[in-house]
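With compact mmCIF, C-alpha atoms and all ligand atoms inside, this is final.txt:
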# COMPACT_ATOMS: atom_id res chain seq x y z
CA MET A 1 19.60 105.40 -47.84
CA LEU A 2 21.66 103.30 -50.22
CA LYS A 3 23.86 102.30 -47.29
CA VAL A 4 20.81 101.08 -45.39
CA ILE A 5 19.58 99.04 -48.36
CA ARG A 6 23.04 97.56 -48.93
CA ASN A 7 23.29 96.70 -45.26
CA ARG A 8 19.92 94.95 -45.35
CA LEU A 9 20.91 92.98 -48.45
CA GLU A 10 24.21 91.97 -46.85
CA GLN A 11 22.52 90.84 -43.66
CA GLY A 12 19.79 88.89 -45.42
CA CYS A 13 16.91 87.36 -43.49
CA ARG A 14 17.76 86.94 -39.82
CA THR A 15 14.52 85.28 -38.77
CA THR A 16 14.81 81.69 -37.58
CA ALA A 17 13.33 79.02 -39.83
CA TYR A 18 11.96 77.22 -36.75
CA PRO A 19 9.61 75.32 -36.67
CA LYS A 20 10.13 74.36 -40.36
CA LYS A 21 13.78 73.61 -39.62
CA PRO A 22 15.13 72.37 -36.28
CA VAL A 23 17.30 74.65 -34.17
CA GLN A 24 20.41 73.38 -32.41
CA LEU A 25 20.96 75.27 -29.18
CA TYR A 26 24.38 75.84 -27.64
CA SER A 27 25.85 72.94 -25.66
CA ARG A 28 25.51 74.67 -22.25
CA PHE A 29 21.73 74.93 -22.62
CA ARG A 30 19.88 72.68 -20.16
CA GLY A 31 16.68 71.33 -21.65
CA LEU A 32 14.70 68.14 -21.20
CA PRO A 33 16.52 65.91 -18.70
CA THR A 34 17.68 62.43 -19.58
CA ILE A 35 17.06 60.32 -16.49
CA ASN A 36 18.80 57.05 -15.72
CA GLN A 37 16.11 54.80 -14.22
CA ASP A 38 18.77 52.20 -13.29
CA CYS A 39 20.69 54.68 -11.18
CA ASP A 40 21.80 53.66 -7.69
CA PRO A 41 19.11 54.98 -5.26
CA ALA A 42 21.87 56.42 -3.07
CA ILE A 43 22.92 58.73 -5.91
CA VAL A 44 19.30 59.73 -6.53
CA ARG A 45 18.97 60.60 -2.82
CA GLN A 46 22.18 62.61 -3.03
CA CYS A 47 20.76 64.54 -6.01
CA ALA A 48 17.50 65.14 -4.13
CA GLU A 49 19.36 66.46 -1.09
CA LEU A 50 21.31 68.87 -3.28
CA CYS A 51 18.29 70.11 -5.22
CA PRO A 52 17.34 73.59 -3.96
CA GLN A 53 13.84 73.20 -5.40
CA GLU A 54 12.87 69.83 -3.92
CA ALA A 55 12.15 68.89 -7.52
CA ILE A 56 13.49 65.31 -7.44
CA LEU A 57 11.15 62.45 -6.53
CA VAL A 58 13.45 59.80 -5.11
CA GLU A 59 11.16 56.75 -5.15
CA GLU A 60 9.81 57.41 -8.64
CA LYS A 61 13.19 58.57 -10.00
CA LYS A 62 11.52 61.54 -11.64
CA ILE A 63 12.04 65.30 -11.86
CA ASP A 64 9.28 67.85 -11.51
CA LEU A 65 9.96 70.31 -14.33
CA GLY A 66 7.36 72.62 -12.82
CA ARG A 67 9.69 73.13 -9.86
CA CYS A 68 13.10 72.73 -11.50
CA THR A 69 15.13 75.88 -12.18
CA PHE A 70 17.55 73.92 -14.41
CA CYS A 71 20.41 74.96 -12.13
CA GLY A 72 22.31 71.81 -13.11
CA GLU A 73 23.42 70.82 -9.58
CA CYS A 74 21.97 67.32 -9.85
CA ALA A 75 23.84 66.69 -13.12
CA GLN A 76 27.14 67.19 -11.28
CA VAL A 77 26.52 64.25 -8.93
CA GLY A 78 28.36 61.11 -10.03
CA ASP A 79 29.22 62.86 -13.29
CA GLY A 80 25.59 62.81 -14.40
CA ALA A 81 24.90 59.26 -13.19
CA PHE A 82 21.23 60.05 -12.47
CA VAL A 83 20.44 63.00 -14.69
CA GLN A 84 21.93 64.81 -17.64
CA PHE A 85 20.32 67.65 -19.51
CA SER A 86 19.69 67.44 -23.24
CA SER A 87 19.43 70.46 -25.52
CA SER A 88 15.76 69.78 -26.27
CA PHE A 89 13.86 72.97 -25.50
CA GLU A 90 10.38 71.55 -26.17
CA LEU A 91 9.25 71.28 -22.55
CA ALA A 92 5.69 72.54 -22.23
CA ALA A 93 2.71 70.44 -21.17
CA ALA A 94 -1.05 70.80 -21.10
CA ASN A 95 -1.34 68.98 -17.76
CA ARG A 96 0.62 69.85 -14.62
CA GLN A 97 1.15 66.17 -13.79
CA ASP A 98 2.93 65.57 -17.09
CA LEU A 99 5.74 67.86 -15.96
CA ILE A 100 6.71 65.27 -13.35
CA THR A 101 8.81 63.33 -15.77
CA ASP A 102 11.09 60.34 -16.15
CA GLY A 103 12.67 62.12 -19.11
CA SER A 104 9.77 61.97 -21.55
CA LEU A 105 6.87 64.31 -22.19
CA PRO A 106 3.61 63.70 -24.05
CA ASP A 107 3.25 65.29 -27.47
CA LEU A 108 1.85 68.72 -26.67
CA ALA A 109 0.13 69.09 -30.03
CA ALA A 110 -1.80 65.86 -29.43
CA HIS A 111 -2.84 66.98 -25.94
CA SER A 112 -4.00 70.46 -26.80
CA SER A 113 -7.65 71.21 -27.27
CA ALA A 114 -9.12 71.22 -30.78
CA HIS A 115 -11.46 73.90 -29.45
CA PHE A 116 -8.56 76.27 -28.77
CA LYS A 117 -6.95 75.51 -32.12
CA LYS A 118 -10.17 76.36 -33.91
CA LEU A 119 -10.64 79.56 -31.92
CA PHE A 120 -7.08 80.84 -31.73
CA GLY A 121 -5.11 78.94 -34.38
CA ARG A 122 -5.08 81.88 -36.81
CA SER A 123 -4.91 84.74 -34.33
CA LEU A 124 -3.94 84.75 -30.68
CA GLN A 125 -3.69 87.92 -28.61
CA LEU A 126 -2.23 87.60 -25.14
CA ARG A 127 -2.00 89.96 -22.21
CA GLN A 128 1.19 89.38 -20.24
CA VAL A 129 0.87 89.64 -16.45
CA SER A 130 4.02 89.80 -14.37
CA ALA A 131 2.79 88.68 -10.96
CA GLY A 132 5.99 89.36 -9.06
CA GLY A 133 8.47 87.95 -11.56
CA CYS A 134 12.19 88.79 -11.37
CA ASN A 135 11.99 90.22 -14.91
CA ALA A 136 14.00 87.45 -16.59
CA CYS A 137 10.84 85.63 -17.68
CA GLU A 138 9.39 88.89 -18.90
CA ALA A 139 12.60 89.80 -20.78
CA ASP A 140 12.67 86.46 -22.56
CA ILE A 141 9.07 86.91 -23.65
CA ASN A 142 10.00 90.35 -24.99
CA VAL A 143 12.72 88.70 -27.06
CA LEU A 144 10.02 86.89 -29.04
CA ASN A 145 9.19 90.18 -30.72
CA THR A 146 12.72 90.66 -32.08
CA PRO A 147 13.41 89.95 -35.79
CA PHE A 148 15.03 86.59 -34.98
CA PHE A 149 11.84 85.08 -33.53
CA ASP A 150 9.30 87.46 -35.11
CA LEU A 151 6.37 86.06 -33.15
CA SER A 152 3.75 88.12 -34.97
CA ARG A 153 4.41 86.24 -38.24
CA PHE A 154 2.42 83.41 -36.60
CA GLY A 155 -0.50 85.70 -35.77
CA ILE A 156 0.46 85.80 -32.10
CA ASP A 157 0.83 89.14 -30.36
CA PHE A 158 1.03 90.57 -26.89
CA VAL A 159 -1.50 93.35 -26.37
CA ALA A 160 -1.82 96.10 -23.80
CA SER A 161 -5.46 95.73 -22.83
CA PRO A 162 -6.93 92.51 -21.44
CA ARG A 163 -10.18 93.47 -23.18
CA HIS A 164 -8.41 92.98 -26.51
CA ALA A 165 -6.85 89.68 -25.43
CA ASP A 166 -7.77 86.02 -25.86
CA GLY A 167 -5.99 85.05 -22.70
CA ILE A 168 -3.36 85.83 -20.12
CA HIS A 169 0.27 84.76 -20.02
CA VAL A 170 1.37 84.83 -16.39
CA THR A 171 4.92 85.00 -15.04
CA GLY A 172 6.15 85.30 -11.48
CA PRO A 173 5.20 83.58 -8.23
CA ILE A 174 1.95 85.58 -7.81
CA THR A 175 2.78 87.78 -4.88
CA ARG A 176 -0.13 88.46 -2.56
CA ASN A 177 -0.01 92.12 -3.65
CA MET A 178 -0.50 91.07 -7.28
CA LYS A 179 -3.28 88.56 -6.75
CA THR A 180 -6.13 91.08 -7.00
CA ALA A 181 -4.68 92.72 -10.12
CA LEU A 182 -4.14 89.31 -11.71
CA LEU A 183 -7.70 88.18 -11.04
CA ALA A 184 -9.08 91.52 -12.27
CA THR A 185 -7.05 91.17 -15.49
CA TYR A 186 -8.35 87.63 -15.98
CA ALA A 187 -11.92 88.82 -15.41
CA ALA A 188 -11.47 91.58 -18.01
CA VAL A 189 -10.54 89.11 -20.76
CA PRO A 190 -13.65 88.14 -22.74
CA SER A 191 -14.57 84.42 -22.79
CA PRO A 192 -13.55 81.98 -24.11
CA LYS A 193 -10.07 82.63 -22.78
CA VAL A 194 -6.83 80.80 -22.12
CA VAL A 195 -4.48 80.89 -19.16
CA ILE A 196 -0.77 80.19 -19.56
CA ALA A 197 1.58 79.64 -16.62
CA SER A 198 5.08 80.54 -17.75
CA GLY A 199 8.19 79.78 -15.72
CA CYS A 200 8.57 77.69 -12.59
CA CYS A 201 7.47 80.65 -10.46
CA ALA A 202 3.98 80.72 -11.96
CA ILE A 203 3.78 76.92 -11.93
CA SER A 204 5.03 76.22 -8.42
CA GLY A 205 6.48 79.35 -6.82
CA GLY A 206 9.94 78.67 -8.25
CA PRO A 207 12.81 79.87 -6.06
CA PHE A 208 10.24 81.64 -3.86
CA TYR A 209 8.23 78.52 -2.99
CA GLY A 210 7.31 78.29 0.68
CA SER A 211 7.20 82.08 1.09
CA LYS A 212 4.13 83.41 2.86
CA GLU A 213 4.14 86.39 0.51
CA ILE A 214 3.24 84.43 -2.60
CA ILE A 215 0.43 82.22 -3.90
CA GLY A 216 3.04 80.24 -5.82
CA ASP A 217 0.75 78.10 -7.91
CA LEU A 218 -1.33 79.78 -10.60
CA ALA A 219 -3.42 76.64 -11.06
CA SER A 220 -4.71 77.00 -7.49
CA ILE A 221 -6.54 80.23 -8.38
CA LEU A 222 -7.16 80.04 -12.15
CA PRO A 223 -7.79 77.23 -14.68
CA VAL A 224 -4.39 76.88 -16.37
CA ASP A 225 -4.43 75.49 -19.92
CA LEU A 226 -0.71 75.47 -20.70
CA PHE A 227 2.37 75.09 -18.49
CA ILE A 228 5.74 76.32 -19.78
CA PRO A 229 8.64 75.30 -17.53
CA GLY A 230 11.99 77.04 -17.16
CA CYS A 231 13.66 79.72 -15.12
CA PRO A 232 13.14 81.57 -17.35
CA PRO A 233 11.71 79.49 -20.22
CA HIS A 234 13.94 79.86 -23.28
CA PRO A 235 12.13 81.93 -25.97
CA LEU A 236 12.14 78.81 -28.16
CA THR A 237 10.45 76.85 -25.37
CA THR A 238 7.69 79.46 -25.32
CA LEU A 239 7.51 79.59 -29.13
CA HIS A 240 7.23 75.81 -29.36
CA ALA A 241 4.55 75.77 -26.65
CA LEU A 242 2.41 78.41 -28.35
CA LEU A 243 2.73 76.87 -31.82
CA ALA A 244 2.18 73.28 -30.70
CA PHE A 245 -0.73 74.11 -28.42
CA PHE A 246 -2.63 76.53 -30.62
CA LYS A 247 -1.57 75.73 -34.17
CA ALA A 248 -0.16 72.26 -34.73
S1 LIG A 301 18.54 71.09 -12.16
FE1 LIG A 301 16.47 71.03 -11.31
S2 LIG A 301 16.25 69.02 -10.39
FE2 LIG A 301 18.46 69.40 -10.69
S3 LIG A 301 19.16 70.30 -8.77
FE3 LIG A 301 18.63 72.01 -10.09
S4 LIG A 301 16.50 72.47 -9.60
FE4 LIG A 301 16.94 70.43 -8.78
S1 LIG A 302 10.74 81.54 -13.14
FE1 LIG A 302 12.87 82.19 -12.73
S2 LIG A 302 13.25 83.75 -14.30
FE2 LIG A 302 11.02 83.49 -14.17
S3 LIG A 302 10.30 85.05 -12.71
FE3 LIG A 302 10.71 83.16 -11.56
S4 LIG A 302 12.81 83.37 -10.79
FE4 LIG A 302 12.55 84.84 -12.46

Rendering of file as structure tokens:
Amino acid sequence: MLKVIRNRLEQGCRTTAYPKKPVQLYSRFRGLPTINQDCDPAIVRQCAELCPQEAILVEEKKIDLGRCTFCGECAQVGDGAFVQFSSSFELAAANRQDLITDGSLPDLAAHSSAHFKKLFGRSLQLRQVSAGGCNACEADINVLNTPFFDLSRFGIDFVASPRHADGIHVTGPITRNMKTALLATYAAVPSPKVVIASGCCAISGGPFYGSKEIIGDLASILPVDLFIPGCPPHPLTTLHALLAFFKA
């Protein structure tokens, strides 16, 4: 027992101080893109041709973060002449259109609903629905319950029953086989309720877009309140989204 106590004292508190203190992610992390609006259109076209997600809008010189898997291919063209990726992990948006970005995003806290903050600011219970996800999104949500992130200290928990939940947190491209279960889960959540689309699969179909076996766009079947991009979203991206949207 003494060994355990000594070990705990030696380790100290391992929980991140975020959001009170900023977190610097490792240099290889690809977060919010920095886009060069003065880039030669030929290079932008080259980036768009390389992009496996058709996420680059050539005329507008923008990237659709709802489609992007952050694979980094476009940043290789011309040594990052059009796009480079910053380490900013704060990527979520309340409106789908805001994810089509020139490198800036609106302040999520300012765009979230005061109604939701009043209802769920002190306690938010979510039911996670994996609608055909590859399990990476789901694993990175699970990580939020580890001591480092300690999500429940903010009054946010994932619960087993949709009847105990305030909303659903959806991952995956919504396979046709999962559509009925997803809609039944949504129906079982008492109103008022929130819907969160997490990961490019739930936002746009992700790497599976174009497949006949998926719906590919959660917003086409349910009213989505919060979009969290990434493939998968970094746990800090999700943490920022939940705190900014429901608490800030
Ligand atoms: S990082 Fe995003 S925009 Fe760039 S090539 Fe990959 S999917 Fe396309
Ligand atoms: S968004 Fe990426 S990580 Fe998440 S389920 Fe889809 S393919 Fe997997």

Fill in: Spatial sel., origin (1.4, 80.4, -29.2), limit 9 Å, only C-alpha atoms, listed as a list of chain:residue names
A:Phe120, A:Gly121, A:Leu124, A:Leu151, A:Phe154, A:Gly155, A:Ile156, A:Asp157, A:Thr238, A:Leu239, A:His240, A:Ala241, A:Leu242, A:Leu243, A:Ala244, A:Phe245, A:Phe246, A:Lys247

Could you produce a table of the residues of segment 169-195 of chain A lying within 8 Å of segment 203-224 of chain A, with the nearest pair of atoms per residue and their separation in Å rounded to one decimal, using all atoms listed in the file, ordered by chain and increasing residue number, as a tab-separated table?
residue	atom	partner	partner_atom	distance
A:Gly172	CA	A:Gly205	CA	7.6
A:Pro173	CA	A:Gly205	CA	4.6
A:Ile174	CA	A:Ile215	CA	5.4
A:Thr175	CA	A:Ile214	CA	4.1
A:Arg176	CA	A:Ile214	CA	5.3
A:Lys179	CA	A:Ile215	CA	7.9
A:Val194	CA	A:Val224	CA	7.4
A:Val195	CA	A:Val224	CA	4.9

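Separating atom CA of Asn135 of chain A from atom CA of Cys231 of chain A is a distance of 10.6 Å.
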
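Taking atom CA of Ile196 of chain A and atom CA of Phe227 of chain A as the two end points, the separation is 6.1 Å.
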
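For the pair atom CA of Pro19 of chain A and atom CA of Gly167 of chain A, the separation is 23.1 Å.
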
Worksheet item: Hey, which residues come within 8 Å of ligand LIG 301 (chain A) if we count all atoms listed in the file? Could you give them as a PyMOL selection string?
Response: chain A and resi 47-48+50-56+63-65+67-75+83

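Using only C-alpha atoms, the nearest neighbour of Thr180 of chain A within the list A:Ala17, A:Val129, A:Val44, A:Ile100 is A:Val129.
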
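Residue nearest Ala181 of chain A within the list A:Pro162, A:Val58, A:Leu126, A:Leu2: A:Pro162 [criterion: smallest interatomic distance, all atoms listed in the file].
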
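Minimum atom-to-atom distance to Phe82 of chain A, evaluated using all atoms listed in the file, belongs to A:Asp38 out of A:Asp38, A:Asp107, A:Glu49, A:Glu60.
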
Item to complete: Find the residue from A:Met178, A:Cys134, A:Ala42, A:Ala187 that sits nearest to ligand LIG 302 (chain A); use only C-alpha atoms and all ligand atoms when measuring.
Response: A:Cys134

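Nearest-residue note for ligand LIG 302 (chain A): choosing from A:Val143, A:Val189, A:Ala197, A:Cys137, the minimum distance belongs to A:Cys137, counting all atoms listed in the file.
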
Worksheet, complete the sentence: Nearest to ligand LIG 302 (chain A), restricted to only C-alpha atoms and all ligand atoms and choosing among A:Asp166, A:Asp140, A:Asp150, A:Asp225, comes out as A:Asp140

Let me know the centre plus edge lengths, in Å and rounded to one decimal, of a box with edges along x, y and z that contains all listed atoms of segment 95-102 of chain A and is padded by 8 Å on every side, as JSON.
{"center_x": 4.9, "center_y": 65.1, "center_z": -15.6, "size_x": 28.4, "size_y": 25.5, "size_z": 20.4}

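For Thr146 of chain A, the set of protein, DNA and RNA residues having any atom at most 12 Å away, when counting all atoms listed in the file and skipping those fewer than 4 positions along the same chain, is Arg14, Thr15, Thr16, Ala139, Asp140, Ile141, Asn142, Asp150, Leu151, Ser152, Arg153 and Pro235 of chain A.
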
Output the selection as a PDB file, keeping the file's coordinate frame - C-alpha atoms for each residue.
ATOM      1  CA  ARG A  14      17.760  86.940 -39.820  1.00  0.00           C
ATOM      2  CA  THR A  15      14.520  85.280 -38.770  1.00  0.00           C
ATOM      3  CA  THR A  16      14.810  81.690 -37.580  1.00  0.00           C
ATOM      4  CA  ALA A 139      12.600  89.800 -20.780  1.00  0.00           C
ATOM      5  CA  ASP A 140      12.670  86.460 -22.560  1.00  0.00           C
ATOM      6  CA  ILE A 141       9.070  86.910 -23.650  1.00  0.00           C
ATOM      7  CA  ASN A 142      10.000  90.350 -24.990  1.00  0.00           C
ATOM      8  CA  ASP A 150       9.300  87.460 -35.110  1.00  0.00           C
ATOM      9  CA  LEU A 151       6.370  86.060 -33.150  1.00  0.00           C
ATOM     10  CA  SER A 152       3.750  88.120 -34.970  1.00  0.00           C
ATOM     11  CA  ARG A 153       4.410  86.240 -38.240  1.00  0.00           C
ATOM     12  CA  PRO A 235      12.130  81.930 -25.970  1.00  0.00           C
TER      13      PRO A 235
END

Discussion item. If we count only C-alpha atoms and set the cut-off at 6 Å, which residues sit around Ser198 of chain A, ignoring sequence neighbours fewer than 2 positions away in its own chain? Please answer as a ChimeraX atom specification.
Written reply: /A:170-171,202,228
